[in-house]
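Colleague: To start, I am sharing the structure in question, which I have written as structure tokens.
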Amino acid sequence: STRGLRRMPKRTPASPQPRYTRIVLKLSGEALQGKLGFGIDPRVLDSLSKQIKELKELGIEVLGFFMIGFPGETLEEVWRTVEYARNLHLAVSAFAVVTPLPGTVLYKECVEGGLLNETTIDFEDFSYGAFDLRLSEVPVEQLKCIRKIEWLKTVFLDETGNFKADLPMNSQDMIDELQNGLTLFPDNAEIKALHTKSLSYFAAKGIEAEFRIAV
């Protein structure tokens, strides 16, 4: 919910230090509906963006977690969610694939619709990044790819789009993830550019990373 974020004061030299230095936002569907009572109200998104900006001006690090792959969701709608998250310029933007967790309405609907068989389910597979049940119009492998590449960008690139000084991941692993992205989205100019930039960056640093073609 967005409760507690309204009317955040602007920081001045005399203002006290914020009590918290990092905030994780959890936004429910009801909060995003606003007064409409259904869907997502654009005015709520605009208000949220302004509130996050104010938090960042106070020196508070804001992390965001987003869900993609809702029932019936199209690839265009997924990319719109990704673009919104990017424009917030959060410290971390993590994406999870919608998963029908036991006990939820979605889980019940999937069982009743024959999409899940409770007698053969392995509950260890109920992970936001590992579950393979396709609910949206987007193949699960594409959702997982988008999720991983956006995570890579958050972890490796600063707000100017340049590589950070310390990279917490093996260079070849990053190249392989981007190559997988190119395989799934061959016309995506942004993934192509990031792949090329990564190869150039690692080469300049003297780090070995090879271009592998998936077969």
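Chains: A, B, ... in order of the structure tokens. Residues: from 1 per chain. Ligands: from 1, in order shown.
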So which bits of stretch 68-212 of chain A end up helix (DSSP H, G or I) when you DSSP the backbone, as JSON, numbers by chain?
Modeller: {"A": [75, 76, 77, 78, 79, 80, 81, 82, 83, 84, 85, 86, 87, 88, 105, 106, 107, 108, 109, 110, 111, 112, 123, 124, 125, 140, 141, 142, 143, 144, 145, 146, 147, 148, 149, 150, 151, 152, 153, 154, 155, 156, 171, 172, 173, 174, 175, 176, 177, 178, 179, 180, 181, 182, 183, 184, 189, 190, 191, 192, 193, 194, 195, 196, 197, 198, 199, 200, 201, 202, 203, 204]}
Colleague: Within stretch 10-210 of chain A, find each residue whose DSSP state, derived from the backbone, is strand (DSSP E or B), and express the selection as a count of residues only.
Modeller: 20
Colleague: Tell me, in Å to one decimal, how far atom CA of A:Glu137 is from atom CA of A:Phe70.
Modeller: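 Taking atom CA of A:Glu137 as the start and atom CA of A:Phe70 as the end point, the length is 8.8 Å.
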Colleague: When you count only C-alpha atoms, which of these residues is closest to A:Ile146: A:Gly161, A:Gly181, A:Gly64, A:Gly114?
Modeller: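 Closest candidate: A:Gly181.
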Colleague: At most 12 Å is the cut-off: for each residue in stretch 62-138 of chain A with any atom that close to an atom of stretch 182-193 of chain A, write down the nearest atom pair and the distance in Å rounded to one decimal, counting only C-alpha atoms, chain first then increasing number, as JSON lines.
Modeller:
```
{"residue": "A:Leu75", "atom": "CA", "partner": "A:Phe185", "partner_atom": "CA", "distance": 11.2}
{"residue": "A:Trp79", "atom": "CA", "partner": "A:Asn188", "partner_atom": "CA", "distance": 11.4}
{"residue": "A:Val138", "atom": "CA", "partner": "A:Leu184", "partner_atom": "CA", "distance": 11.4}
```
Colleague: Would you list the contacts of A:Phe95 as a ChimeraX atom specification, taking every protein, DNA or RNA residue within 7 Å and counting only C-alpha atoms, but skipping same-chain residues closer than 3 positions in sequence?
Modeller: /A:65-68,147
Colleague: Identify, on the basis of only C-alpha atoms, every residue whose closest approach to A:Val140 does not exceed 12 Å; exclude the query and any residue fewer than 4 positions from it along the same chain; express the result as a list in words.
Modeller: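 Skipping anything fewer than 4 positions along the chain leaves Ile68, Gly69, Phe70, Pro71, Glu73, Thr74, Leu75, Ala96, Val97, Val98, Thr99, Tyr128, Gly129, Ala130, Phe131, Asp132, Leu133, Arg134, Leu135, Ser136, Lys144, Cys145, Ile146, Arg147 and Leu184 of chain A.
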Colleague: Here is a test: counting only C-alpha atoms, which residue of A:Glu150, A:Glu124, A:Asp166, A:Asp173 is nearest to A:Glu83?
Modeller: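 With only C-alpha atoms as the atom set, the closest residue is A:Glu150.
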Colleague: Using only C-alpha atoms, which protein or nucleic acid residues come within 9 Å of A:Lys148? Drop anything in the same chain fewer than 6 positions from it, and give the result as a PyMOL selection string.
Modeller: chain A and resi 94-95+177-178
Colleague: Set the distance at 12 Å and use only C-alpha atoms: which residues neighbour A:Val111 once local chain neighbours fewer than 4 positions away are removed? I'd like the list as an MDAnalysis selection string.
Modeller: chainID A and resid 100:107 115:121 133
Colleague: From the options A:Thr196, A:Asp125, A:Val92, A:Asn170, which residue's atoms come nearest to A:Lys153, counting only C-alpha atoms?
Modeller: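 Result for the nearest residue to A:Lys153: A:Val92.
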